[in-house]
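Here is work-v4.cif, consisting of mmCIF, C-alpha atoms:
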```
data_protein
loop_
_atom_site.label_atom_id
_atom_site.label_comp_id
_atom_site.auth_asym_id
_atom_site.auth_seq_id
_atom_site.Cartn_x
_atom_site.Cartn_y
_atom_site.Cartn_z
CA MET A 1 32.55 -15.53 -51.24
CA ALA A 2 29.03 -16.80 -50.48
CA PHE A 3 30.42 -18.82 -47.55
CA SER A 4 32.19 -15.72 -46.14
CA THR A 5 29.00 -13.68 -46.43
CA ARG A 6 27.03 -16.36 -44.56
CA VAL A 7 29.67 -16.48 -41.82
CA LEU A 8 29.59 -12.69 -41.54
CA LEU A 9 25.78 -12.67 -41.33
CA ILE A 10 25.79 -15.38 -38.65
CA PHE A 11 28.40 -13.42 -36.70
CA LEU A 12 26.31 -10.25 -36.94
CA VAL A 13 23.16 -12.06 -35.78
CA ILE A 14 24.98 -13.66 -32.83
CA SER A 15 26.56 -10.32 -31.91
CA THR A 16 23.19 -8.55 -32.07
CA VAL A 17 21.48 -11.19 -29.94
CA PHE A 18 24.35 -11.09 -27.44
CA GLN A 19 24.18 -7.29 -27.26
CA LEU A 20 20.40 -7.41 -26.76
CA LYS A 21 20.90 -9.82 -23.87
CA ILE A 22 23.52 -7.52 -22.34
CA ASP A 23 21.20 -4.50 -22.75
CA ALA A 24 18.35 -6.42 -21.17
CA GLN A 25 20.58 -7.41 -18.27
CA LYS A 26 21.72 -3.80 -17.84
CA LEU A 27 18.11 -2.64 -17.85
CA GLN A 28 17.16 -5.29 -15.30
CA ILE A 29 20.10 -4.41 -13.05
CA HIS A 30 19.31 -0.71 -13.37
CA ARG A 31 15.70 -1.31 -12.46
CA LYS A 32 16.67 -3.43 -9.48
CA ARG A 33 19.23 -0.92 -8.26
CA ARG A 34 16.69 1.88 -8.19
CA LEU A 35 14.96 0.34 -5.17
CA MET A 36 18.04 -1.47 -3.90
CA ASN A 37 19.59 1.95 -3.29
CA CYS A 38 17.07 2.39 -0.50
CA ARG A 39 19.00 -0.38 1.27
CA PHE A 40 15.95 -1.92 2.86
CA ASP A 41 16.97 -4.97 4.86
CA LYS A 42 13.39 -5.92 5.83
CA ILE A 43 9.87 -5.28 4.57
CA TYR A 44 6.70 -5.49 6.67
CA GLN A 45 3.29 -5.63 5.02
CA LEU A 46 -0.18 -5.06 6.48
CA GLY A 47 -3.23 -5.35 4.27
CA ASP A 48 -5.81 -7.45 2.44
CA SER A 49 -5.97 -9.74 -0.61
CA VAL A 50 -3.96 -7.30 -2.72
CA SER A 51 -0.97 -8.26 -0.54
CA ASP A 52 -1.78 -11.56 1.24
CA THR A 53 0.90 -14.15 0.51
CA GLY A 54 -0.66 -16.96 2.52
CA ASN A 55 -2.21 -15.87 5.82
CA CYS A 56 -5.88 -16.36 4.94
CA ILE A 57 -5.36 -19.97 3.88
CA ARG A 58 -3.76 -20.64 7.28
CA GLU A 59 -6.85 -19.39 9.13
CA SER A 60 -9.35 -22.24 9.40
CA TYR A 61 -12.51 -20.34 8.42
CA CYS A 62 -10.85 -17.96 5.95
CA GLY A 63 -8.90 -20.76 4.32
CA SER A 64 -11.92 -22.99 3.86
CA HIS A 65 -13.95 -20.20 2.23
CA SER A 66 -11.33 -18.48 0.07
CA SER A 67 -11.17 -19.26 -3.64
CA CYS A 68 -7.51 -18.19 -3.55
CA ALA A 69 -6.65 -21.47 -1.85
CA LYS A 70 -7.66 -23.41 -4.96
CA SER A 71 -6.28 -24.05 -8.42
CA PRO A 72 -5.80 -22.21 -10.81
CA TYR A 73 -4.53 -19.53 -8.42
CA GLY A 74 -0.74 -19.34 -8.60
CA ILE A 75 -0.68 -21.24 -11.88
CA ASN A 76 1.69 -18.96 -13.79
CA PHE A 77 4.50 -18.62 -11.26
CA PHE A 78 4.27 -21.01 -8.34
CA HIS A 79 2.33 -23.63 -10.34
CA LYS A 80 0.14 -24.19 -7.30
CA PRO A 81 -2.03 -22.11 -4.95
CA THR A 82 -0.05 -20.27 -2.26
CA GLY A 83 -2.87 -18.10 -0.93
CA ARG A 84 -2.07 -15.23 -3.30
CA CYS A 85 -5.22 -14.00 -5.01
CA SER A 86 -3.75 -13.94 -8.50
CA ASN A 87 -2.25 -16.23 -11.11
CA GLY A 88 1.24 -15.45 -9.80
CA LEU A 89 3.16 -12.68 -8.07
CA LEU A 90 1.61 -9.69 -6.29
CA MET A 91 2.88 -6.12 -6.01
CA ILE A 92 4.51 -6.82 -2.64
CA ASP A 93 6.42 -9.67 -4.30
CA PHE A 94 7.72 -7.35 -7.01
CA ILE A 95 8.60 -4.70 -4.42
CA ALA A 96 10.61 -7.29 -2.45
CA LEU A 97 12.41 -8.49 -5.57
CA GLU A 98 13.16 -4.94 -6.70
CA SER A 99 14.62 -4.32 -3.21
CA GLY A 100 16.93 -7.31 -3.61
CA LEU A 101 15.08 -9.23 -0.90
CA PRO A 102 13.35 -12.63 -0.89
CA LEU A 103 9.57 -12.90 -1.14
CA LEU A 104 7.87 -12.14 2.17
CA ASN A 105 6.58 -15.14 4.07
CA PRO A 106 3.12 -14.98 5.64
CA TYR A 107 3.18 -14.39 9.40
CA LYS A 108 0.86 -17.36 9.98
CA ASP A 109 3.50 -19.70 8.60
CA GLN A 110 5.37 -19.98 11.87
CA SER A 111 7.96 -22.34 10.38
CA ALA A 112 9.01 -19.68 7.89
CA ASN A 113 12.09 -17.46 7.83
CA PHE A 114 11.35 -13.85 8.84
CA ARG A 115 14.90 -12.53 8.69
CA HIS A 116 13.96 -10.10 5.90
CA GLY A 117 10.51 -9.11 7.15
CA ALA A 118 7.02 -10.55 7.35
CA ASN A 119 3.64 -10.27 5.69
CA PHE A 120 0.62 -9.80 7.97
CA ALA A 121 -1.97 -9.12 5.24
CA VAL A 122 -5.11 -11.28 5.14
CA ALA A 123 -7.45 -11.65 2.17
CA GLY A 124 -10.85 -10.16 2.95
CA ALA A 125 -9.50 -8.01 5.80
CA THR A 126 -10.95 -4.60 6.63
CA ALA A 127 -9.42 -1.53 8.21
CA LEU A 128 -12.30 -1.28 10.68
CA SER A 129 -12.62 -4.00 13.31
CA ALA A 130 -15.30 -6.67 13.11
CA GLN A 131 -17.03 -5.04 16.08
CA VAL A 132 -17.21 -1.61 14.42
CA MET A 133 -18.40 -3.15 11.15
CA ALA A 134 -21.14 -4.97 13.05
CA GLU A 135 -22.19 -1.72 14.72
CA LYS A 136 -22.53 -0.21 11.25
CA LYS A 137 -24.59 -3.26 10.23
CA ILE A 138 -22.07 -4.37 7.64
CA VAL A 139 -21.43 -8.10 7.50
CA MET A 140 -17.80 -9.20 7.20
CA SER A 141 -16.62 -11.81 4.72
CA PHE A 142 -14.62 -14.76 6.01
CA THR A 143 -12.05 -13.19 8.33
CA ASN A 144 -11.99 -10.99 11.41
CA SER A 145 -8.28 -10.25 10.98
CA SER A 146 -8.73 -6.51 10.53
CA LEU A 147 -5.94 -3.94 10.70
CA ASP A 148 -5.88 -3.82 14.50
CA VAL A 149 -5.56 -7.62 14.67
CA GLN A 150 -2.68 -7.55 12.18
CA LEU A 151 -1.00 -4.81 14.22
CA ASP A 152 -1.32 -7.00 17.33
CA TRP A 153 0.40 -9.80 15.40
CA MET A 154 3.13 -7.37 14.39
CA SER A 155 3.57 -6.30 18.01
CA SER A 156 3.91 -9.93 19.12
CA HIS A 157 6.36 -10.59 16.30
CA PHE A 158 8.60 -7.71 17.33
CA GLU A 159 8.48 -8.77 20.97
CA THR A 160 10.22 -11.99 19.98
CA THR A 161 12.49 -10.67 17.23
CA CYS A 162 13.79 -7.21 18.04
CA LEU A 163 13.01 -6.04 21.58
CA PRO A 164 14.51 -4.09 23.28
CA ASP A 165 16.31 -2.63 20.23
CA CYS A 166 13.43 -2.37 17.72
CA PRO A 167 14.14 1.26 16.72
CA VAL A 168 17.69 0.20 15.81
CA GLU A 169 16.70 -3.11 14.21
CA LEU A 170 13.92 -1.53 12.12
CA LYS A 171 15.84 1.56 11.01
CA LYS A 172 16.40 0.16 7.50
CA SER A 173 12.97 -1.45 7.15
CA LEU A 174 10.15 -0.55 4.77
CA PHE A 175 6.61 -0.69 6.16
CA LEU A 176 3.47 -0.84 4.01
CA VAL A 177 0.26 -0.04 5.90
CA GLY A 178 -2.13 -1.27 3.24
CA HIS A 179 -3.63 -1.67 0.74
CA ILE A 180 -6.43 -1.86 3.30
CA GLY A 181 -9.78 -0.11 3.59
CA GLY A 182 -11.03 -1.06 0.14
CA ASN A 183 -12.99 -4.01 1.51
CA ASP A 184 -14.78 -1.78 4.01
CA ILE A 185 -16.18 0.16 1.05
CA ILE A 186 -16.89 -2.92 -1.08
CA TYR A 187 -18.78 -4.69 1.71
CA GLY A 188 -20.81 -1.54 2.38
CA LEU A 189 -21.57 -1.11 -1.32
CA SER A 190 -22.63 -4.71 -1.84
CA GLN A 191 -24.90 -4.57 1.22
CA GLY A 192 -26.87 -1.57 0.01
CA LYS A 193 -25.32 1.32 1.94
CA THR A 194 -26.04 4.75 0.45
CA MET A 195 -23.30 7.01 -0.89
CA GLU A 196 -23.79 9.29 2.11
CA GLU A 197 -23.40 6.38 4.51
CA LEU A 198 -20.27 5.27 2.65
CA ARG A 199 -18.76 8.74 2.82
CA ARG A 200 -19.22 8.71 6.59
CA LEU A 201 -17.66 5.25 6.62
CA VAL A 202 -14.64 6.60 4.73
CA VAL A 203 -13.90 9.09 7.52
CA ASP A 204 -13.82 6.25 10.08
CA VAL A 205 -11.69 4.05 7.83
CA VAL A 206 -9.10 6.79 7.27
CA GLN A 207 -8.91 7.55 11.00
CA THR A 208 -8.33 3.84 11.68
CA ILE A 209 -5.54 3.63 9.10
CA ILE A 210 -3.83 6.73 10.49
CA HIS A 211 -4.04 5.24 13.99
CA GLY A 212 -2.41 2.12 12.54
CA VAL A 213 0.39 4.19 11.01
CA LYS A 214 1.03 5.76 14.42
CA ARG A 215 1.27 2.31 16.00
CA VAL A 216 3.79 1.28 13.36
CA ILE A 217 5.85 4.40 14.10
CA GLY A 218 5.69 3.39 17.76
CA PHE A 219 7.29 0.05 16.86
CA GLY A 220 10.24 1.92 15.35
CA ALA A 221 9.29 2.37 11.67
CA THR A 222 10.89 5.35 9.91
CA ARG A 223 9.93 4.72 6.26
CA ILE A 224 6.27 3.98 5.66
CA VAL A 225 4.13 3.68 2.53
CA VAL A 226 0.39 4.17 3.00
CA PRO A 227 -1.44 3.12 -0.19
CA GLY A 228 -4.75 4.50 -1.35
CA THR A 229 -7.26 2.20 -3.01
CA PHE A 230 -7.92 1.18 -6.60
CA PRO A 231 -10.86 2.59 -8.59
CA LYS A 232 -14.00 0.78 -7.42
CA GLY A 233 -15.94 1.32 -10.64
CA CYS A 234 -13.68 -0.38 -13.19
CA GLY A 235 -13.54 -4.08 -12.25
CA PRO A 236 -15.70 -6.93 -13.55
CA ALA A 237 -17.33 -7.58 -10.15
CA SER A 238 -18.51 -3.97 -9.70
CA LEU A 239 -19.45 -3.56 -13.36
CA THR A 240 -21.55 -6.72 -13.12
CA GLN A 241 -23.24 -5.93 -9.80
CA PHE A 242 -24.03 -2.30 -10.58
CA MET A 243 -24.67 -2.65 -14.32
CA THR A 244 -27.01 -0.02 -15.74
CA ASN A 245 -28.46 0.93 -19.13
CA ASP A 246 -27.77 4.60 -18.39
CA SER A 247 -24.71 5.35 -20.52
CA SER A 248 -24.09 8.59 -18.63
CA SER A 249 -23.21 6.49 -15.56
CA TYR A 250 -19.96 5.42 -17.25
CA ASP A 251 -16.81 7.41 -17.98
CA GLU A 252 -14.59 7.20 -21.07
CA TYR A 253 -12.95 4.02 -19.73
CA HIS A 254 -16.35 2.38 -19.11
CA CYS A 255 -15.89 2.73 -15.35
CA LEU A 256 -18.84 3.62 -13.13
CA LYS A 257 -18.51 7.32 -12.26
CA ASP A 258 -20.24 7.21 -8.87
CA LEU A 259 -18.03 4.40 -7.58
CA ASN A 260 -14.85 6.04 -8.86
CA ASN A 261 -15.89 9.36 -7.34
CA LEU A 262 -16.34 7.60 -4.00
CA THR A 263 -12.84 6.16 -4.40
CA ILE A 264 -11.42 9.61 -5.13
CA PHE A 265 -13.19 10.92 -2.01
CA TYR A 266 -11.57 8.15 0.03
CA ASN A 267 -8.09 8.67 -1.42
CA ASP A 268 -8.27 12.46 -1.00
CA HIS A 269 -9.16 12.05 2.68
CA LEU A 270 -6.32 9.60 3.19
CA GLN A 271 -3.81 11.88 1.47
CA GLN A 272 -4.91 14.86 3.56
CA ALA A 273 -4.53 12.79 6.74
CA ILE A 274 -1.03 11.69 5.70
CA ASP A 275 -0.06 15.30 4.97
CA GLU A 276 -1.23 16.29 8.44
CA MET A 277 0.81 13.46 9.96
CA LYS A 278 3.93 14.66 8.16
CA LYS A 279 3.70 17.95 10.07
CA GLU A 280 3.66 16.06 13.35
CA TYR A 281 6.26 13.41 12.49
CA THR A 282 8.92 15.42 10.71
CA ASN A 283 11.60 12.75 11.19
CA ILE A 284 9.47 10.00 9.59
CA THR A 285 9.28 9.38 5.84
CA LEU A 286 5.58 8.96 5.02
CA VAL A 287 4.67 8.24 1.40
CA TYR A 288 1.21 7.95 -0.14
CA GLY A 289 0.95 5.00 -2.54
CA ASP A 290 -1.13 6.27 -5.45
CA TYR A 291 -2.83 3.03 -6.48
CA TYR A 292 -5.70 4.89 -8.15
CA ASN A 293 -3.58 6.76 -10.67
CA ALA A 294 -1.37 3.72 -11.26
CA TYR A 295 -4.52 1.79 -12.23
CA MET A 296 -5.85 4.57 -14.47
CA TRP A 297 -2.45 4.97 -16.12
CA PHE A 298 -2.55 1.29 -16.93
CA LEU A 299 -6.04 1.49 -18.48
CA GLN A 300 -4.84 4.36 -20.67
CA ASN A 301 -1.69 2.52 -21.81
CA ALA A 302 -2.70 -1.15 -21.66
CA VAL A 303 -2.72 -1.78 -25.41
CA THR A 304 0.71 -0.19 -25.84
CA LEU A 305 1.94 -2.45 -23.04
CA GLY A 306 0.76 -5.54 -24.94
CA PHE A 307 -2.60 -6.22 -23.27
CA ASP A 308 -5.76 -7.26 -25.09
CA LYS A 309 -7.97 -4.17 -25.41
CA ASN A 310 -11.13 -6.28 -25.62
CA SER A 311 -10.58 -7.98 -22.26
CA LEU A 312 -9.39 -5.13 -19.99
CA GLN A 313 -12.59 -5.34 -17.95
CA LYS A 314 -13.18 -9.05 -18.28
CA ALA A 315 -11.97 -11.66 -15.83
CA CYS A 316 -9.34 -14.02 -17.22
CA CYS A 317 -10.53 -16.74 -14.85
CA GLY A 318 -14.30 -16.55 -14.89
CA ILE A 319 -17.48 -17.27 -16.79
CA GLY A 320 -20.68 -15.57 -17.86
CA GLY A 321 -22.06 -12.10 -18.54
CA ASP A 322 -20.50 -9.10 -20.22
CA TYR A 323 -17.48 -9.14 -17.95
CA ASN A 324 -16.81 -12.87 -17.67
CA TYR A 325 -17.77 -12.78 -14.00
CA ASP A 326 -20.48 -14.61 -12.08
CA LYS A 327 -20.57 -14.23 -8.31
CA SER A 328 -22.05 -17.71 -7.94
CA ARG A 329 -19.39 -19.32 -10.16
CA LYS A 330 -16.09 -17.71 -9.25
CA CYS A 331 -12.58 -18.58 -10.33
CA GLY A 332 -11.56 -21.85 -8.70
CA ALA A 333 -15.04 -23.36 -8.91
CA GLN A 334 -15.51 -26.51 -10.97
CA GLY A 335 -15.94 -25.83 -14.66
CA VAL A 336 -14.82 -22.19 -14.54
CA PRO A 337 -12.24 -21.73 -17.32
CA VAL A 338 -9.03 -19.71 -17.52
CA CYS A 339 -8.23 -17.51 -20.51
CA ASP A 340 -5.63 -18.75 -22.99
CA ASP A 341 -2.99 -16.13 -22.14
CA PRO A 342 -3.22 -14.47 -18.69
CA SER A 343 -0.19 -12.30 -19.56
CA THR A 344 -2.41 -10.25 -21.91
CA HIS A 345 -5.20 -9.85 -19.35
CA PHE A 346 -5.46 -7.13 -16.73
CA ASN A 347 -8.03 -8.71 -14.44
CA TRP A 348 -7.56 -12.19 -13.06
CA ASP A 349 -10.78 -13.27 -11.32
CA GLY A 350 -13.14 -10.29 -11.37
CA LEU A 351 -11.82 -8.91 -8.07
CA HIS A 352 -8.03 -9.17 -8.37
CA LEU A 353 -5.47 -8.47 -11.07
CA THR A 354 -3.05 -10.68 -12.97
CA GLN A 355 0.65 -11.04 -12.28
CA ALA A 356 1.37 -9.11 -15.49
CA ALA A 357 -0.86 -6.23 -14.36
CA TYR A 358 0.69 -6.14 -10.90
CA SER A 359 4.14 -6.03 -12.47
CA TRP A 360 3.32 -2.90 -14.46
CA LEU A 361 1.52 -1.23 -11.56
CA THR A 362 4.56 -1.85 -9.36
CA ARG A 363 6.83 -0.21 -11.91
CA TRP A 364 4.60 2.87 -12.01
CA LEU A 365 4.41 3.03 -8.21
CA ILE A 366 8.17 2.69 -7.75
CA ASP A 367 8.74 5.51 -10.25
CA ASP A 368 6.23 7.64 -8.35
CA MET A 369 7.35 6.81 -4.81
CA LEU A 370 11.12 6.51 -5.14
CA PRO A 371 11.91 10.26 -5.06
CA LYS A 372 9.83 10.54 -1.87
CA LEU A 373 11.44 7.63 0.02
CA ASN A 374 14.67 9.53 0.74
CA CYS A 375 16.85 6.87 -0.86
CA HIS A 376 20.33 7.39 -2.30
CA VAL A 377 19.40 7.15 -5.98
#
```

Any chance you could give the structure as structure tokens?
Amino acid sequence: MAFSTRVLLIFLVISTVFQLKIDAQKLQIHRKRRLMNCRFDKIYQLGDSVSDTGNCIRESYCGSHSSCAKSPYGINFFHKPTGRCSNGLLMIDFIALESGLPLLNPYKDQSANFRHGANFAVAGATALSAQVMAEKKIVMSFTNSSLDVQLDWMSSHFETTCLPDCPVELKKSLFLVGHIGGNDIIYGLSQGKTMEELRRLVVDVVQTIIHGVKRVIGFGATRIVVPGTFPKGCGPASLTQFMTNDSSSYDEYHCLKDLNNLTIFYNDHLQQAIDEMKKEYTNITLVYGDYYNAYMWFLQNAVTLGFDKNSLQKACCGIGGDYNYDKSRKCGAQGVPVCDDPSTHFNWDGLHLTQAAYSWLTRWLIDDMLPKLNCHV
């Protein structure tokens, strides 16, 4: 009798485990199919370090100055640096996988396969050109590969891959014009520009992005995502640089109100510009990528999602200060440690997020954008 009971219990355990595996597989397939129903056959990405999969490290000056080219970047997925500014996958990687496509290769890797699209994003890139930034007396970081440069690369790429039938070839492609523009604001902030100066800068940045979207439409794009930017007052780098003893400067999430209000100003202007474009381009699917609210949703739900509540605004890879971030000793520098479990951390290096964070943000964004992409769901 005891033996029969044990056999029955073992059978029940095995059956339960097997059913859980089946349910997990169903869930995974369902999640994949949601974006696969859009039937994208290619994805093209323009942007900055939020999306760069290896272009910066292939530029001589950018590559030699970027921390993202060093270990421990890439440690939790690729097990080596790939040029991605995280410990693993980025949002564009998750978007590609959810679309049933391979990870996008960086355009600068000319030996790569671009059959399913290409990534033109460069870490440190701005929306405004280097010349315009110089006129505004804002010093660039370590790349001049701004949005217009990336668009020129895209134009050259299409000249060799789809002309004269680009509108036909690109009909099933997804284009992401950004995340870009955030660095324009960050560089201005860090170099002492006033809020009024930054608001004027925002107008120029948004105009530049909209011009970029029009160029992409000119190439033959019909489905385009234009992301806003993340809150600028919530990350370790900003919280360290603009730290204040005035408690009224922080909101309920311990984000700096002024910087987040500037971000909201930027995103509102971008959304308004996209809405105006929709009136002009009625046959084009234009979708705003709400990175700001995805980020804030995460902060509100991070503990429920399994993240450490005490380290939401601390860098996983970093050292020093209240936020585990020191500009002079960044992630990748000798002696700078990595947290024990990056999967429970939101922020990776003070400026960029972890693979786990990007995974959750992508899920939120897909849920938000999918009904607007005109897919057969």

### Query
At what distance in Å, to one decimal, does atom CA of Val205 of chain A lie from atom CA of Leu239 of chain A?
23.8 Å

### Non-local contacts of His376 of chain A (10 Å; all atoms listed in the file; under 3 positions in same chain excluded) as a list of chain:residue names
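Using all atoms listed in the file, the neighbours found are A:Arg34, A:Leu35, A:Met36, A:Asn37, A:Cys38, A:Arg39, A:Leu370, A:Pro371, A:Leu373.
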
### Task
Counting all atoms listed in the file, figure out which residue out of A:Phe219, A:Trp360, A:Tyr323, A:Phe120 gets nearest to Gly178 of chain A.
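Of A:Phe219, A:Trp360, A:Tyr323, A:Phe120, the one nearest Gly178 of chain A, counting all atoms listed in the file, is A:Phe120.
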
Axis-aligned box over every listed atom of segment 237-245 of chain A, padded by 4 Å per side: centre and edges in Å to one decimal, as AutoDock Vina command-line options?
```
--center_x -22.9 --center_y -3.3 --center_z -14.4 --size_x 19.1 --size_y 16.5 --size_z 17.4
```

Determine the residue membership of the PyMOL selection byres ((chain A and resi 66) around 10) for the file above and supply it as a PDB file with C-alpha atoms, in the coordinates of the input.
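After the write, part_23.pdb holds the following:
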```pdb
ATOM      1  CA  CYS A  56      -5.880 -16.360   4.940  1.00  0.00           C
ATOM      2  CA  ILE A  57      -5.360 -19.970   3.880  1.00  0.00           C
ATOM      3  CA  TYR A  61     -12.510 -20.340   8.420  1.00  0.00           C
ATOM      4  CA  CYS A  62     -10.850 -17.960   5.950  1.00  0.00           C
ATOM      5  CA  GLY A  63      -8.900 -20.760   4.320  1.00  0.00           C
ATOM      6  CA  SER A  64     -11.920 -22.990   3.860  1.00  0.00           C
ATOM      7  CA  HIS A  65     -13.950 -20.200   2.230  1.00  0.00           C
ATOM      8  CA  SER A  67     -11.170 -19.260  -3.640  1.00  0.00           C
ATOM      9  CA  CYS A  68      -7.510 -18.190  -3.550  1.00  0.00           C
ATOM     10  CA  ALA A  69      -6.650 -21.470  -1.850  1.00  0.00           C
ATOM     11  CA  LYS A  70      -7.660 -23.410  -4.960  1.00  0.00           C
ATOM     12  CA  GLY A  83      -2.870 -18.100  -0.930  1.00  0.00           C
ATOM     13  CA  CYS A  85      -5.220 -14.000  -5.010  1.00  0.00           C
ATOM     14  CA  ALA A 123      -7.450 -11.650   2.170  1.00  0.00           C
ATOM     15  CA  GLY A 124     -10.850 -10.160   2.950  1.00  0.00           C
ATOM     16  CA  SER A 141     -16.620 -11.810   4.720  1.00  0.00           C
ATOM     17  CA  PHE A 142     -14.620 -14.760   6.010  1.00  0.00           C
ATOM     18  CA  THR A 143     -12.050 -13.190   8.330  1.00  0.00           C
ATOM     19  CA  GLY A 332     -11.560 -21.850  -8.700  1.00  0.00           C
TER      20      GLY A 332
END
```

Pop segment 201-217 of chain A out of the structure in the block and write N, CA, C and O atoms as an mmCIF file, in the first residue's frame.
```cif
data_model
loop_
_atom_site.group_PDB
_atom_site.id
_atom_site.type_symbol
_atom_site.label_atom_id
_atom_site.label_comp_id
_atom_site.auth_asym_id
_atom_site.auth_seq_id
_atom_site.Cartn_x
_atom_site.Cartn_y
_atom_site.Cartn_z
ATOM 1 N N LEU A 201 16.171 73.738 -26.560
ATOM 2 C CA LEU A 201 16.880 72.627 -27.207
ATOM 3 C C LEU A 201 15.913 71.516 -27.594
ATOM 4 O O LEU A 201 16.023 70.929 -28.679
ATOM 5 N N VAL A 202 14.960 71.236 -26.719
ATOM 6 C CA VAL A 202 13.967 70.188 -26.965
ATOM 7 C C VAL A 202 13.227 70.427 -28.277
ATOM 8 O O VAL A 202 13.015 69.498 -29.066
ATOM 9 N N VAL A 203 12.841 71.666 -28.530
ATOM 10 C CA VAL A 203 12.119 71.997 -29.764
ATOM 11 C C VAL A 203 12.946 71.623 -30.992
ATOM 12 O O VAL A 203 12.441 71.031 -31.942
ATOM 13 N N ASP A 204 14.251 71.934 -30.945
ATOM 14 C CA ASP A 204 15.141 71.606 -32.067
ATOM 15 C C ASP A 204 15.321 70.097 -32.213
ATOM 16 O O ASP A 204 15.353 69.564 -33.331
ATOM 17 N N VAL A 205 15.442 69.417 -31.083
ATOM 18 C CA VAL A 205 15.627 67.959 -31.100
ATOM 19 C C VAL A 205 14.409 67.280 -31.725
ATOM 20 O O VAL A 205 14.543 66.406 -32.594
ATOM 21 N N VAL A 206 13.220 67.687 -31.303
ATOM 22 C CA VAL A 206 11.992 67.080 -31.821
ATOM 23 C C VAL A 206 11.859 67.336 -33.323
ATOM 24 O O VAL A 206 11.519 66.420 -34.087
ATOM 25 N N GLN A 207 12.153 68.542 -33.767
ATOM 26 C CA GLN A 207 12.102 68.849 -35.199
ATOM 27 C C GLN A 207 13.056 67.954 -35.980
ATOM 28 O O GLN A 207 12.729 67.474 -37.080
ATOM 29 N N THR A 208 14.241 67.721 -35.417
ATOM 30 C CA THR A 208 15.240 66.873 -36.076
ATOM 31 C C THR A 208 14.758 65.429 -36.173
ATOM 32 O O THR A 208 14.929 64.771 -37.212
ATOM 33 N N ILE A 209 14.141 64.929 -35.111
ATOM 34 C CA ILE A 209 13.625 63.553 -35.122
ATOM 35 C C ILE A 209 12.505 63.415 -36.146
ATOM 36 O O ILE A 209 12.461 62.436 -36.917
ATOM 37 N N ILE A 210 11.605 64.382 -36.184
ATOM 38 C CA ILE A 210 10.501 64.342 -37.152
ATOM 39 C C ILE A 210 11.032 64.384 -38.582
ATOM 40 O O ILE A 210 10.541 63.662 -39.469
ATOM 41 N N HIS A 211 12.060 65.201 -38.820
ATOM 42 C CA HIS A 211 12.695 65.218 -40.140
ATOM 43 C C HIS A 211 13.263 63.841 -40.467
ATOM 44 O O HIS A 211 13.176 63.366 -41.612
ATOM 45 N N GLY A 212 13.847 63.183 -39.453
ATOM 46 C CA GLY A 212 14.378 61.833 -39.642
ATOM 47 C C GLY A 212 13.291 60.836 -39.978
ATOM 48 O O GLY A 212 13.470 59.969 -40.845
ATOM 49 N N VAL A 213 12.145 60.950 -39.317
ATOM 50 C CA VAL A 213 11.015 60.063 -39.610
ATOM 51 C C VAL A 213 10.568 60.249 -41.062
ATOM 52 O O VAL A 213 10.268 59.275 -41.766
ATOM 53 N N LYS A 214 10.544 61.492 -41.526
ATOM 54 C CA LYS A 214 10.147 61.757 -42.917
ATOM 55 C C LYS A 214 11.135 61.145 -43.905
ATOM 56 O O LYS A 214 10.735 60.629 -44.952
ATOM 57 N N ARG A 215 12.420 61.175 -43.562
ATOM 58 C CA ARG A 215 13.418 60.529 -44.432
ATOM 59 C C ARG A 215 13.180 59.023 -44.494
ATOM 60 O O ARG A 215 13.285 58.408 -45.558
ATOM 61 N N VAL A 216 12.865 58.440 -43.355
ATOM 62 C CA VAL A 216 12.614 57.000 -43.291
ATOM 63 C C VAL A 216 11.389 56.637 -44.140
ATOM 64 O O VAL A 216 11.382 55.628 -44.851
ATOM 65 N N ILE A 217 10.356 57.467 -44.072
ATOM 66 C CA ILE A 217 9.181 57.255 -44.912
ATOM 67 C C ILE A 217 9.581 57.340 -46.394
ATOM 68 O O ILE A 217 9.107 56.557 -47.229
#
```
